[in-house]
Structures are given as structure tokens and as C-alpha cells.
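Data file: input_17.cif. Format and content: mmCIF, C-alpha atoms.
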```
data_start
loop_
_atom_site.label_atom_id
_atom_site.label_comp_id
_atom_site.auth_asym_id
_atom_site.auth_seq_id
_atom_site.Cartn_x
_atom_site.Cartn_y
_atom_site.Cartn_z
CA MET F 1446 -10.34 37.06 31.22
CA ILE F 1447 -7.46 34.68 31.86
CA ALA F 1448 -9.86 31.99 33.00
CA ARG F 1449 -11.85 32.47 29.83
CA GLN F 1450 -8.73 32.07 27.71
CA THR F 1451 -7.75 28.82 29.40
CA ALA F 1452 -11.30 27.58 28.95
CA VAL F 1453 -11.03 28.29 25.23
CA ALA F 1454 -7.63 26.62 25.06
CA THR F 1455 -8.85 23.42 26.71
CA THR F 1456 -12.02 23.29 24.62
CA PHE F 1457 -10.03 23.35 21.39
CA ALA F 1458 -7.45 20.80 22.57
CA PRO F 1459 -6.52 18.01 20.15
CA GLU F 1460 -8.00 15.29 22.37
CA HIS F 1461 -11.31 17.10 22.29
CA GLY F 1462 -11.24 17.15 18.50
CA PHE F 1463 -10.49 13.45 18.58
CA LEU F 1464 -13.46 12.79 20.84
CA VAL F 1465 -15.83 14.95 18.79
CA ALA F 1466 -14.98 13.14 15.53
CA PHE F 1467 -14.97 9.75 17.24
CA ALA F 1468 -18.35 10.27 18.94
CA ARG F 1469 -19.91 11.60 15.74
CA ASP F 1470 -18.77 8.67 13.59
CA VAL F 1471 -19.78 6.10 16.20
CA ARG F 1472 -23.20 7.72 16.51
CA LEU F 1473 -23.63 7.69 12.72
CA ALA F 1474 -22.63 4.04 12.55
CA VAL F 1475 -24.93 3.05 15.41
CA ARG F 1476 -27.85 4.77 13.72
CA SER F 1477 -27.25 2.85 10.50
CA LYS F 1478 -26.51 -0.52 12.03
CA GLY F 1479 -27.18 -2.22 8.71
CA GLU F 1480 -23.79 -1.30 7.26
CA VAL F 1481 -21.89 -2.71 10.23
CA ILE F 1482 -23.88 -5.92 10.18
CA GLN F 1483 -23.59 -6.25 6.39
CA ALA F 1484 -19.79 -6.02 6.49
CA LEU F 1485 -19.73 -8.67 9.20
CA ALA F 1486 -22.12 -10.88 7.23
CA PHE F 1487 -19.91 -10.48 4.17
CA PHE F 1488 -16.95 -11.71 6.22
CA VAL F 1489 -18.89 -14.74 7.45
CA VAL F 1490 -20.19 -15.60 3.98
CA VAL F 1491 -16.76 -15.32 2.30
CA VAL F 1492 -15.15 -17.53 4.94
CA SER F 1493 -17.94 -20.08 4.60
CA LEU F 1494 -17.58 -20.21 0.81
CA PHE F 1495 -14.17 -21.86 1.01
CA PRO F 1496 -15.27 -25.23 2.43
CA LEU F 1497 -17.96 -25.30 -0.26
CA ALA F 1498 -15.47 -24.58 -3.04
CA ILE F 1499 -12.63 -26.77 -1.80
CA GLY F 1500 -14.55 -29.59 -0.20
CA PRO F 1501 -15.00 -30.58 3.44
CA GLU F 1502 -11.56 -32.15 3.85
CA SER F 1503 -10.65 -31.27 7.43
CA VAL F 1504 -6.84 -31.46 7.12
CA LEU F 1505 -6.76 -29.13 4.11
CA LEU F 1506 -9.31 -26.75 5.61
CA LYS F 1507 -7.33 -26.44 8.81
CA ARG F 1508 -4.19 -25.78 6.78
CA ILE F 1509 -5.74 -22.87 4.86
CA ALA F 1510 -7.82 -21.47 7.76
CA PRO F 1511 -5.49 -18.61 8.81
CA GLY F 1512 -5.11 -17.35 5.25
CA VAL F 1513 -8.81 -17.60 4.50
CA VAL F 1514 -9.90 -15.76 7.63
CA TRP F 1515 -7.31 -13.07 7.10
CA VAL F 1516 -8.10 -12.50 3.41
CA ALA F 1517 -11.81 -12.36 4.18
CA ALA F 1518 -11.19 -9.83 6.96
CA LEU F 1519 -9.08 -7.75 4.59
CA LEU F 1520 -11.77 -7.69 1.90
CA SER F 1521 -14.47 -6.90 4.42
CA VAL F 1522 -12.49 -3.92 5.76
CA LEU F 1523 -11.82 -2.82 2.18
CA LEU F 1524 -15.55 -2.69 1.47
CA THR F 1525 -16.16 -0.42 4.44
CA LEU F 1526 -13.33 2.03 3.69
CA PRO F 1527 -15.40 4.53 1.65
CA ARG F 1528 -17.46 5.03 4.81
CA ILE F 1529 -14.54 6.81 6.53
CA LEU F 1530 -14.57 9.90 4.34
CA ALA F 1531 -16.76 9.56 1.23
CA SER F 1532 -20.15 10.38 2.77
CA ASP F 1533 -18.63 13.25 4.74
CA TYR F 1534 -17.17 14.58 1.51
CA ALA F 1535 -20.46 14.17 -0.35
CA ASP F 1536 -22.52 16.21 2.13
CA GLY F 1537 -19.84 18.84 2.80
CA THR F 1538 -19.08 17.77 6.37
CA LEU F 1539 -15.46 17.16 5.47
CA ASP F 1540 -15.00 20.80 4.43
CA GLN F 1541 -16.42 21.89 7.76
CA LEU F 1542 -14.13 19.50 9.63
CA ALA F 1543 -11.12 20.83 7.73
CA LEU F 1544 -12.14 24.41 8.62
CA SER F 1545 -12.84 23.63 12.26
CA VAL F 1546 -10.69 24.86 15.14
CA TYR F 1547 -9.55 21.38 16.03
CA PRO F 1548 -6.33 20.04 14.50
CA LEU F 1549 -7.21 17.92 11.49
CA PRO F 1550 -4.91 15.00 12.46
CA ALA F 1551 -6.80 14.65 15.75
CA ILE F 1552 -10.13 14.58 13.91
CA MET F 1553 -8.81 12.00 11.45
CA ALA F 1554 -7.47 9.87 14.30
CA GLY F 1555 -10.94 9.92 15.84
CA LYS F 1556 -12.51 8.87 12.56
CA ILE F 1557 -9.99 6.03 12.11
CA VAL F 1558 -10.58 4.67 15.61
CA ALA F 1559 -14.34 4.88 15.08
CA HIS F 1560 -13.96 3.02 11.79
CA TRP F 1561 -11.98 0.28 13.47
CA LEU F 1562 -14.58 -0.01 16.22
CA MET F 1563 -17.31 -0.50 13.63
CA ALA F 1564 -15.46 -2.49 10.93
CA GLY F 1565 -12.40 -4.16 12.44
CA LEU F 1566 -13.41 -5.05 15.99
CA PRO F 1567 -16.53 -7.04 15.03
CA LEU F 1568 -14.38 -9.12 12.65
CA ALA F 1569 -11.82 -9.82 15.37
CA LEU F 1570 -14.56 -10.76 17.84
CA MET F 1571 -16.18 -13.03 15.26
CA SER F 1572 -12.93 -14.67 14.12
CA PRO F 1573 -12.57 -17.41 16.79
CA LEU F 1574 -15.94 -18.79 15.74
CA ARG F 1575 -14.87 -18.84 12.08
CA GLY F 1576 -11.55 -20.47 12.98
CA PHE F 1577 -13.48 -23.05 15.00
CA GLN F 1578 -15.48 -23.78 11.84
CA PHE F 1579 -12.20 -24.73 10.17
CA GLY F 1580 -11.12 -26.96 13.04
CA LEU F 1581 -8.50 -24.76 14.72
CA GLU F 1582 -7.51 -25.67 18.30
CA SER F 1583 -8.17 -23.29 21.19
CA ARG F 1584 -4.55 -22.07 21.38
CA GLU F 1585 -4.56 -21.30 17.66
CA LEU F 1586 -7.88 -19.52 18.02
CA VAL F 1587 -6.38 -17.25 20.67
CA VAL F 1588 -3.50 -16.38 18.33
CA LEU F 1589 -5.94 -15.76 15.45
CA TYR F 1590 -7.97 -13.47 17.67
CA ALA F 1591 -4.86 -11.63 18.90
CA SER F 1592 -3.49 -11.21 15.38
CA LEU F 1593 -6.77 -9.72 14.17
CA MET F 1594 -7.02 -7.43 17.20
CA LEU F 1595 -3.55 -6.07 16.40
CA GLY F 1596 -3.91 -6.16 12.61
CA THR F 1597 -7.36 -4.72 11.88
CA PRO F 1598 -6.52 -1.24 13.28
CA VAL F 1599 -3.62 -1.14 10.81
CA LEU F 1600 -6.06 -2.05 8.01
CA SER F 1601 -8.24 0.92 9.02
CA MET F 1602 -5.22 3.24 9.12
CA ILE F 1603 -3.75 2.29 5.75
CA GLY F 1604 -7.24 2.31 4.31
CA ALA F 1605 -7.83 5.83 5.60
CA ILE F 1606 -4.82 7.07 3.64
CA GLY F 1607 -6.20 5.45 0.50
CA ALA F 1608 -9.67 6.83 1.19
CA ALA F 1609 -8.28 10.34 1.66
CA LEU F 1610 -6.36 10.19 -1.63
CA THR F 1611 -9.36 8.99 -3.63
CA ILE F 1612 -11.89 11.50 -2.26
CA GLY F 1613 -14.19 12.64 -5.01
CA VAL F 1614 -12.46 10.60 -7.71
CA ARG F 1615 -14.79 8.91 -10.16
CA GLY F 1616 -14.69 5.11 -9.82
CA GLY F 1617 -12.74 5.63 -6.62
CA SER F 1618 -13.59 2.33 -4.97
CA ILE F 1619 -11.69 0.18 -7.48
CA LEU F 1620 -8.79 2.60 -7.39
CA LEU F 1621 -8.91 2.44 -3.61
CA ALA F 1622 -8.63 -1.37 -3.72
CA LEU F 1623 -5.74 -1.15 -6.16
CA LEU F 1624 -3.91 1.33 -3.94
CA VAL F 1625 -4.60 -0.24 -0.59
CA LEU F 1626 -4.42 -4.00 -1.14
CA PRO F 1627 -0.65 -4.15 -1.89
CA LEU F 1628 -0.09 -2.15 1.29
CA TYR F 1629 -2.10 -4.68 3.28
CA ILE F 1630 0.31 -7.46 2.34
CA PRO F 1631 2.72 -7.09 5.30
CA VAL F 1632 -0.19 -7.18 7.75
CA LEU F 1633 -1.58 -10.22 5.98
CA ILE F 1634 1.78 -12.01 6.05
CA PHE F 1635 2.43 -11.37 9.74
CA GLY F 1636 -1.18 -11.99 10.77
CA ALA F 1637 -1.65 -15.27 8.95
CA GLY F 1638 1.97 -16.18 9.73
CA ALA F 1639 1.34 -15.89 13.47
CA VAL F 1640 -1.50 -18.42 13.31
CA GLU F 1641 0.51 -20.74 11.09
CA GLN F 1642 3.36 -20.69 13.60
CA ALA F 1643 0.93 -21.53 16.38
CA MET F 1644 -0.35 -24.41 14.25
CA VAL F 1645 3.10 -25.98 13.94
CA GLY F 1646 3.76 -25.39 17.62
CA ILE F 1647 6.19 -22.47 17.38
CA ASP F 1648 5.84 -19.42 19.62
CA ALA F 1649 3.85 -16.88 17.60
CA SER F 1650 4.98 -13.87 19.63
CA ALA F 1651 7.54 -12.72 17.02
CA ASN F 1652 4.88 -12.16 14.37
CA LEU F 1653 2.48 -10.64 16.88
CA SER F 1654 5.23 -8.26 18.06
CA LEU F 1655 5.85 -7.17 14.47
CA LEU F 1656 2.11 -6.53 14.03
CA GLY F 1657 2.16 -4.48 17.23
CA ALA F 1658 5.17 -2.53 15.96
CA ILE F 1659 3.38 -1.74 12.68
CA LEU F 1660 0.34 -0.65 14.70
CA LEU F 1661 2.39 1.72 16.87
CA LEU F 1662 4.25 3.18 13.91
CA GLY F 1663 0.99 3.64 12.03
CA GLY F 1664 -0.66 5.31 15.00
CA LEU F 1665 2.19 7.78 15.11
CA VAL F 1666 2.32 8.67 11.41
CA VAL F 1667 -1.02 7.92 9.77
CA PRO F 1668 -3.29 10.64 11.26
CA PHE F 1669 -0.90 13.29 9.97
CA ALA F 1670 -0.62 11.68 6.54
CA VAL F 1671 -4.40 11.42 6.27
CA ALA F 1672 -4.82 15.04 7.34
CA VAL F 1673 -2.36 16.22 4.66
CA ALA F 1674 -4.08 14.11 2.00
CA VAL F 1675 -7.53 15.39 3.00
CA LYS F 1676 -6.40 19.02 2.93
CA ILE F 1677 -4.98 18.62 -0.56
CA SER F 1678 -7.97 16.65 -1.82
CA LEU F 1679 -10.30 19.42 -0.70
CA ASP F 1680 -8.38 22.18 -2.53
CA MET J 662 26.02 29.96 -11.63
CA SER J 663 22.97 28.46 -10.10
CA LEU J 664 21.67 25.00 -10.87
CA TYR J 665 18.63 25.74 -8.72
CA LYS J 666 17.02 27.68 -11.53
CA TYR J 667 16.33 24.32 -13.20
CA SER J 668 14.02 23.39 -10.34
CA SER J 669 11.47 25.68 -11.94
CA PRO J 670 9.33 23.80 -14.49
CA ALA J 671 9.33 26.87 -16.76
CA VAL J 672 13.12 26.72 -17.06
CA PHE J 673 13.46 22.97 -16.92
CA PHE J 674 10.94 22.05 -19.61
CA PRO J 675 12.71 23.76 -22.55
CA LEU J 676 16.02 22.25 -21.40
CA ALA J 677 14.45 18.78 -21.17
CA GLY J 678 12.90 19.23 -24.59
CA LYS J 679 16.32 20.07 -26.06
CA LEU J 680 18.00 17.11 -24.36
CA VAL J 681 15.46 14.43 -25.29
CA PRO J 682 16.73 13.83 -28.90
CA TRP J 683 20.33 13.55 -27.69
CA PHE J 684 19.41 11.08 -24.97
CA THR J 685 17.36 9.10 -27.48
CA VAL J 686 20.38 8.77 -29.77
CA LEU J 687 22.61 7.77 -26.82
CA ALA J 688 20.02 5.24 -25.64
CA VAL J 689 19.81 3.59 -29.06
CA VAL J 690 23.63 3.45 -29.37
CA PHE J 691 24.08 1.92 -25.91
CA PHE J 692 21.17 -0.44 -26.52
CA VAL J 693 22.78 -1.80 -29.68
CA ILE J 694 26.27 -2.06 -28.13
CA GLY J 695 24.90 -3.71 -24.99
CA LEU J 696 22.83 -6.23 -26.89
CA TYR J 697 25.78 -7.05 -29.17
CA LEU J 698 28.12 -7.59 -26.22
CA GLY J 699 25.57 -9.65 -24.32
CA LEU J 700 24.05 -11.75 -27.08
CA VAL J 701 27.00 -12.15 -29.49
CA ALA J 702 30.37 -11.20 -28.01
CA ALA J 703 30.06 -12.86 -24.58
CA PRO J 704 31.11 -16.54 -24.50
CA GLU J 705 28.65 -19.30 -23.78
CA ASP J 706 28.21 -20.36 -20.15
CA PHE J 707 29.69 -23.81 -19.48
CA GLN J 708 26.83 -24.84 -17.20
CA GLN J 709 23.68 -23.16 -18.46
CA GLY J 710 24.49 -22.83 -22.16
CA GLU J 711 22.86 -20.03 -24.13
CA VAL J 712 20.02 -19.52 -21.66
CA TYR J 713 22.20 -17.54 -19.30
CA ARG J 714 22.35 -14.63 -21.80
CA ILE J 715 19.01 -13.46 -20.44
CA ILE J 716 20.81 -12.09 -17.39
CA PHE J 717 22.14 -9.24 -19.54
CA ILE J 718 18.56 -8.01 -19.77
CA HIS J 719 17.02 -9.51 -16.67
CA VAL J 720 19.45 -8.30 -14.02
CA PRO J 721 19.61 -4.65 -15.18
CA ALA J 722 15.82 -4.64 -15.51
CA ALA J 723 15.41 -5.93 -11.95
CA TRP J 724 17.91 -3.37 -10.68
CA MET J 725 16.15 -0.55 -12.46
CA ALA J 726 12.77 -1.72 -11.18
CA MET J 727 13.94 -1.24 -7.60
CA PHE J 728 16.22 1.72 -8.22
CA ILE J 729 13.54 3.76 -9.99
CA TYR J 730 11.19 3.08 -7.12
CA LEU J 731 13.80 4.35 -4.70
CA VAL J 732 14.38 7.47 -6.81
CA MET J 733 10.61 8.04 -6.94
CA ALA J 734 10.44 7.79 -3.16
CA MET J 735 13.29 10.29 -2.92
CA TYR J 736 11.49 12.73 -5.21
CA GLY J 737 8.39 12.18 -3.09
CA VAL J 738 10.29 13.19 0.04
CA MET J 739 11.70 16.23 -1.76
CA ALA J 740 8.27 17.22 -3.04
CA LEU J 741 6.84 16.95 0.45
CA THR J 742 9.60 18.73 2.35
CA PHE J 743 10.59 21.47 -0.13
CA ASN J 744 7.23 21.64 -1.92
CA THR J 745 8.96 21.72 -5.31
CA ARG J 746 6.65 21.10 -8.21
CA LEU J 747 9.34 19.61 -10.41
CA SER J 748 10.04 16.80 -7.93
CA ALA J 749 6.42 15.66 -8.13
CA MET J 750 6.58 15.79 -11.93
CA MET J 751 9.80 13.79 -12.02
CA MET J 752 8.25 11.21 -9.76
CA GLU J 753 5.22 10.96 -12.00
CA ALA J 754 7.38 10.71 -15.11
CA LEU J 755 9.49 7.89 -13.66
CA ALA J 756 6.59 5.61 -12.78
CA PRO J 757 5.81 4.18 -16.26
CA THR J 758 9.49 3.38 -16.85
CA GLY J 759 9.71 1.68 -13.47
CA ALA J 760 6.60 -0.37 -14.16
CA MET J 761 8.00 -1.34 -17.57
CA PHE J 762 11.27 -2.55 -16.04
CA THR J 763 9.43 -4.47 -13.32
CA ALA J 764 7.29 -6.22 -15.92
CA LEU J 765 10.38 -6.91 -18.01
CA ALA J 766 12.22 -8.37 -15.01
CA LEU J 767 9.29 -10.66 -14.21
CA TRP J 768 8.89 -11.73 -17.82
CA THR J 769 12.56 -12.47 -18.52
CA GLY J 770 12.84 -14.12 -15.11
CA ALA J 771 10.02 -16.49 -16.03
CA LEU J 772 11.63 -17.23 -19.40
CA TRP J 773 14.91 -17.99 -17.63
CA GLY J 774 13.23 -20.06 -14.93
CA LYS J 775 11.53 -22.50 -17.28
CA PRO J 776 14.69 -24.09 -18.79
CA THR J 777 16.79 -23.65 -15.64
CA TRP J 778 14.45 -24.39 -12.75
CA GLY J 779 11.81 -26.22 -14.77
CA THR J 780 9.07 -23.77 -13.86
CA TYR J 781 7.94 -20.33 -15.02
CA TRP J 782 6.86 -19.20 -11.60
CA ALA J 783 7.53 -20.10 -7.98
CA TRP J 784 6.27 -18.20 -4.94
CA ASP J 785 9.76 -17.33 -3.85
CA ALA J 786 10.34 -14.15 -1.84
CA ARG J 787 12.30 -12.35 -4.57
CA MET J 788 9.73 -13.01 -7.29
CA THR J 789 6.78 -12.30 -5.03
CA SER J 790 8.25 -9.01 -3.86
CA THR J 791 8.93 -8.00 -7.47
CA LEU J 792 5.32 -8.84 -8.33
CA ILE J 793 4.13 -6.70 -5.42
CA LEU J 794 6.40 -3.93 -6.66
CA LEU J 795 4.61 -4.13 -10.01
CA PHE J 796 1.25 -3.85 -8.20
CA LEU J 797 2.53 -0.78 -6.37
CA TYR J 798 3.61 0.83 -9.63
CA ILE J 799 0.22 0.05 -11.18
CA GLY J 800 -1.62 1.47 -8.18
CA TYR J 801 0.41 4.66 -8.30
CA LEU J 802 -0.09 5.01 -12.06
CA ALA J 803 -3.82 4.42 -11.70
CA LEU J 804 -4.05 7.12 -9.05
CA VAL J 805 -2.08 9.63 -11.11
CA THR J 806 -4.11 8.88 -14.25
CA ARG J 807 -7.42 9.29 -12.46
CA LEU J 808 -6.34 12.56 -10.94
CA LYS J 809 -5.31 13.87 -14.35
CA THR J 810 -8.96 14.22 -15.30
CA ARG J 811 -9.09 17.19 -12.95
CA SER J 812 -7.91 20.68 -13.82
CA VAL J 813 -4.19 21.36 -14.01
CA PRO J 814 -3.39 23.24 -10.78
CA ILE J 815 -5.34 20.74 -8.73
CA ARG J 816 -3.59 17.96 -10.58
CA LEU J 817 -0.23 19.29 -9.50
CA ALA J 818 -1.37 19.49 -5.93
CA ARG J 819 -2.68 15.98 -6.20
CA CYS J 820 0.62 14.67 -7.57
CA TRP J 821 2.15 16.13 -4.51
CA SER J 822 -0.33 14.36 -2.34
CA SER J 823 0.22 11.05 -4.05
CA SER J 824 3.74 11.02 -2.69
CA VAL J 825 2.24 10.23 0.71
CA PRO J 826 1.34 6.63 -0.12
CA LEU J 827 4.54 6.31 -2.05
CA MET J 828 6.56 7.14 1.01
CA CYS J 829 4.53 4.83 3.16
CA ARG J 830 5.06 2.13 0.60
CA SER J 831 8.79 2.49 0.49
CA PHE J 832 8.80 1.96 4.24
CA ILE J 833 6.39 -0.93 4.20
CA PHE J 834 7.63 -2.65 1.08
CA PRO J 835 10.92 -4.04 2.46
CA LEU J 836 8.89 -5.66 5.24
CA SER J 837 6.75 -7.61 2.83
CA GLY J 838 8.83 -10.70 2.45
CA GLY J 839 12.36 -10.52 1.15
CA ILE J 840 14.40 -7.36 1.28
CA PRO J 841 14.28 -6.24 -2.34
CA CYS J 842 16.82 -3.42 -2.16
CA ILE J 843 19.76 -5.48 -0.97
CA ARG J 844 18.78 -8.82 -2.35
CA VAL J 845 21.39 -11.11 -3.85
CA HIS J 846 20.44 -11.83 -7.38
CA ARG J 847 19.86 -15.32 -8.60
CA CYS J 848 22.69 -15.63 -11.14
CA ARG J 849 24.80 -18.58 -10.18
#
```
Target encoding C-alpha cells, full file:
Amino acid sequence: MIARQTAVATTFAPEHGFLVAFARDVRLAVRSKGEVIQALAFFVVVVSLFPLAIGPESVLLKRIAPGVVWVAALLSVLLTLPRILASDYADGTLDQLALSVYPLPAIMAGKIVAHWLMAGLPLALMSPLRGFQFGLESRELVVLYASLMLGTPVLSMIGAIGAALTIGVRGGSILLALLVLPLYIPVLIFGAGAVEQAMVGIDASANLSLLGAILLLGGLVVPFAVAVAVKISLD
Amino acid sequence: MSLYKYSSPAVFFPLAGKLVPWFTVLAVVFFVIGLYLGLVAAPEDFQQGEVYRIIFIHVPAAWMAMFIYLVMAMYGVMALTFNTRLSAMMMEALAPTGAMFTALALWTGALWGKPTWGTYWAWDARMTSTLILLFLYIGYLALVTRLKTRSVPIRLARCWSSSVPLMCRSFIFPLSGGIPCIRVHRCR
């Protein structure tokens, strides 16, 4: 009897809820690879539009490279945000998740990490190549990569809050952009700022540390905020 | 003797309805006195001439833009912790005024900047953070307006929920270039 109770207790532990939600979202994303690849292609296309619009002047292109890569990454993540919750809401899965025995914050944390793995990580992995396109040096490419590795999870987190608040709202995607983009500004400033500091030869660790601090703070607070927002949105 | 009874919308609404005309009269009186003192009674500035008179509108507007945001964040915290419906309503009611003052601060700032700095707009931290503040107000208003299309009880719950991003914002906003709450204003 006691053994059975402990078995139940461990099965319904928060980390298990995290893993269930994480594994489910990753599996869904892997089975529809198109969406992941499309978001990545969007990122590549947007970044490549700038040299066409501005002209192939290498000094100017190198100067704007950090900002361009970061803004493109931001828009690409923004496009994928509805994927976190909207389809789950549409087919009723979200109601089931909210009713499940696992704590909702753990489930939401799993979904956010899965979203980052499918939307943010590919961008970060792809970014050195895009920076190279704009003539960044290897040291600057490393900083660009590091800033995106630290910054894209924050984009997923903040985006998840926005997605949870706009569940089931008509025309939600534009509203989502309006809500989320101003909140992305600090990440954008520190992310692009880190690369710019590397470009002028200053140690970029201050900006990267601030990005890391935002990431840690977000990891602590955001799953709970998203869970509250989801619960209220489902009422 | 209990002021807490006014935290119930059913008690507060009739009181607010009775007070609105009085506050309107007071607002008009103070508006006229303030404008007279600022635009007529105050002497001309020896350095900037008549242009400086814009600070009598610009500076209070910029203060109110930030102060109202702070008050909204406070109501958001109260709505979340005590689950009081009136706090969420107050927050919602403050947003348009805050957005108006932010727009007014940006507009009068631009009008002041042209003759004094020679440009309507510069990407300086104070201006940029005020612009972002306006975006935040607009985002909040858009969310609240969209949610209003739903039925009333859900709307109230949703107002409550919209305090979540508001709180996050008030933490994130000071990070985004310039510290708006304790900034030194640009009157010389």
C-alpha cells in the first residue's frame, strides 16, 4: 500500500509533467518538420534581404549585421509563437492539460523548452553562417552565437506569456505581436549590443551576463505566469 | 467606519458617478489657472525665449505618463494578490489616460526639440523609452479591447489576467535603455 502510494507520488511529480509536455511537443514538431524548416527559411530570407535593399557595401553591412540578425531572429520566433498553445487550444488538448494531475507550470515549462528547441535553437545554430555573410570576424561570430543561445529562450518565454493571454482571441496574432514585441526590446538591446561591443573590441561579457540574468529570472517566473494566464483564458 | 466597502464595484460605482461632475469642474478650473500661469503670468526665459513655456505642459505630461504606468502596475499587483475586481477595473480605466499623456509628452517634446535642438526626434534614451512606453500602453489597450468582445464575467477575469504582462513589463521596462522612473528631465 505504502509502496503504491510512493509510486503514485513519483509518477505525478512536476518533472514528469515537464517531460510529458516536452516529449509531446517535440514529437509533434518532428512529425511536422515543415513548420520548423519554414521558420528557419524565413530567418535566412529576411537576413538576406538587407544586402539587396541596402547595397553590397561591406563596411555598412558589417556595421548593421548584429541588429539585422537579431531583428530577423525576433520576427522568426514571433511567427512561431502561436504554435505553443493555439493548436492545443483549438483541438481541446489544452483543457485536458489544465485538468491533468501534473502541475500546470511544469507542463508549460516543458512546452516552452520544446518551443525553444524547435524555434530558437535552429536560429542560434544558423546565426554564425548569417553573420559570416555580413563579414563578421570569427570572434564576433562566437559572441553572436552566444548572445542568440542566451537570448532566444527568453524570446520563447516572453512569447509564451503573450500566447497564453491571446488564446482564442480573434485576430490574436497581430495582438500577440503588439503585446510581445515591446517586451523583446531589452533582449534585442543586450543581444545586439554584445556583438557590437565585440566589433569595437570591448569585452562583451557584461551584455552576455545581463542576457543570462534575464534568462534565469524568466525561467524562475515565466512558467507560473503562463500557467495562471492559461487557467484564466480557459475559464 | 470602513473604507473597504468601496472596494466593491457595486458600492464604488454610484460614488464614482456622483464624484465625476465635481472632478470635471475642478479639472477645468485647474486647467485654466495652470495654463494662465504658464502661458501668460510666467516671465520669458532669458535663454530660450517663449519656447520654454512648453515645459509647463510637457514635463507634467511626461511625469503622468510614467506615474500612471506605475499606478497601473500597483493595481495589477493588488488585483493579483487580493483578487479584487475593482483594482483590475481601475487599472483598465487608467490606461487610456496614460497613453494620452505619453503621446502628449512625445508630441510636445518634439515641438520643443525643433527650435531648441534643431530636430524633432533623436534616438536618445529618454525619448526612446517614452516611445516604448507608448507601445506598451497601446499593447495593453489592444488586449483589453479585444477581450471586451467576450461576455462580462469572463472579461473581468481576463482583465485580471492582463495584469500579468503588465507586471512583467514594469520589471522589464526600466532595463530597456534609460531608467524612466528616476530620469532627470531635460529642462535646462
Discussion item. Counting only C-alpha atoms, I want the residues whose atoms come within 12 Å of (-20.4, -11.3, 7.7) in the file frame, returned as a VMD selection string.
Written reply: chain F and resid 1479 to 1494 1514 1517 to 1518 1520 to 1522 1524 1564 to 1565 1567 to 1572 1574 to 1575
Discussion item. As number ranges by chain, could you give me every residue of chain F near chain J (at most 9 Å apart, counting all atoms listed in the file)?
Written reply: F: 1603, 1606-1607, 1610-1611, 1614-1617, 1620-1625, 1627-1628, 1630-1632, 1634-1635, 1670-1671, 1673-1674, 1677-1678, 1680
Practice prompt. Quick one: everything within 12 Å of Ala1591 (chain F), counting only C-alpha atoms, minus sequence neighbours fewer than 4 positions away in the same chain. Send it as a ChimeraX atom specification.
Written response: /F:1566,1568-1573,1584-1587,1595-1598,1635-1637,1639-1640,1643,1649-1650,1652-1654,1656-1657
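CA of Met788 (chain J) sits 28.9 Å away from CA of Ala749 (chain J).
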For region 690-697 of chain J, please output as a PDB file with C-alpha atoms, keeping the file's coordinate frame all residues within 10 Å (counting all atoms listed in the file; exclusion window: fewer than 6 positions along the same chain).
```pdb
ATOM      1  CA  PHE J 684      19.410  11.080 -24.970  1.00  0.00           C
ATOM      2  CA  ALA J 703      30.060 -12.860 -24.580  1.00  0.00           C
ATOM      3  CA  ARG J 714      22.350 -14.630 -21.800  1.00  0.00           C
ATOM      4  CA  PHE J 717      22.140  -9.240 -19.540  1.00  0.00           C
ATOM      5  CA  ILE J 718      18.560  -8.010 -19.770  1.00  0.00           C
TER       6      ILE J 718
END
```
Item to complete: Rank J:Trp724, J:Leu747, J:Ala677, J:Tyr665 by their smallest atom-to-atom distance to Thr791 (chain J), using only C-alpha atoms, and report the top residue only.
Response: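 Going through J:Trp724, J:Leu747, J:Ala677, J:Tyr665 one by one, the smallest distance to Thr791 (chain J) is for J:Trp724.
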Fill in: For CA of Gly770 (chain J) and CA of Thr758 (chain J), the interatomic separation in Å (one decimal)
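If I compute the distance from CA of Gly770 (chain J) to CA of Thr758 (chain J), I get 17.9 Å.
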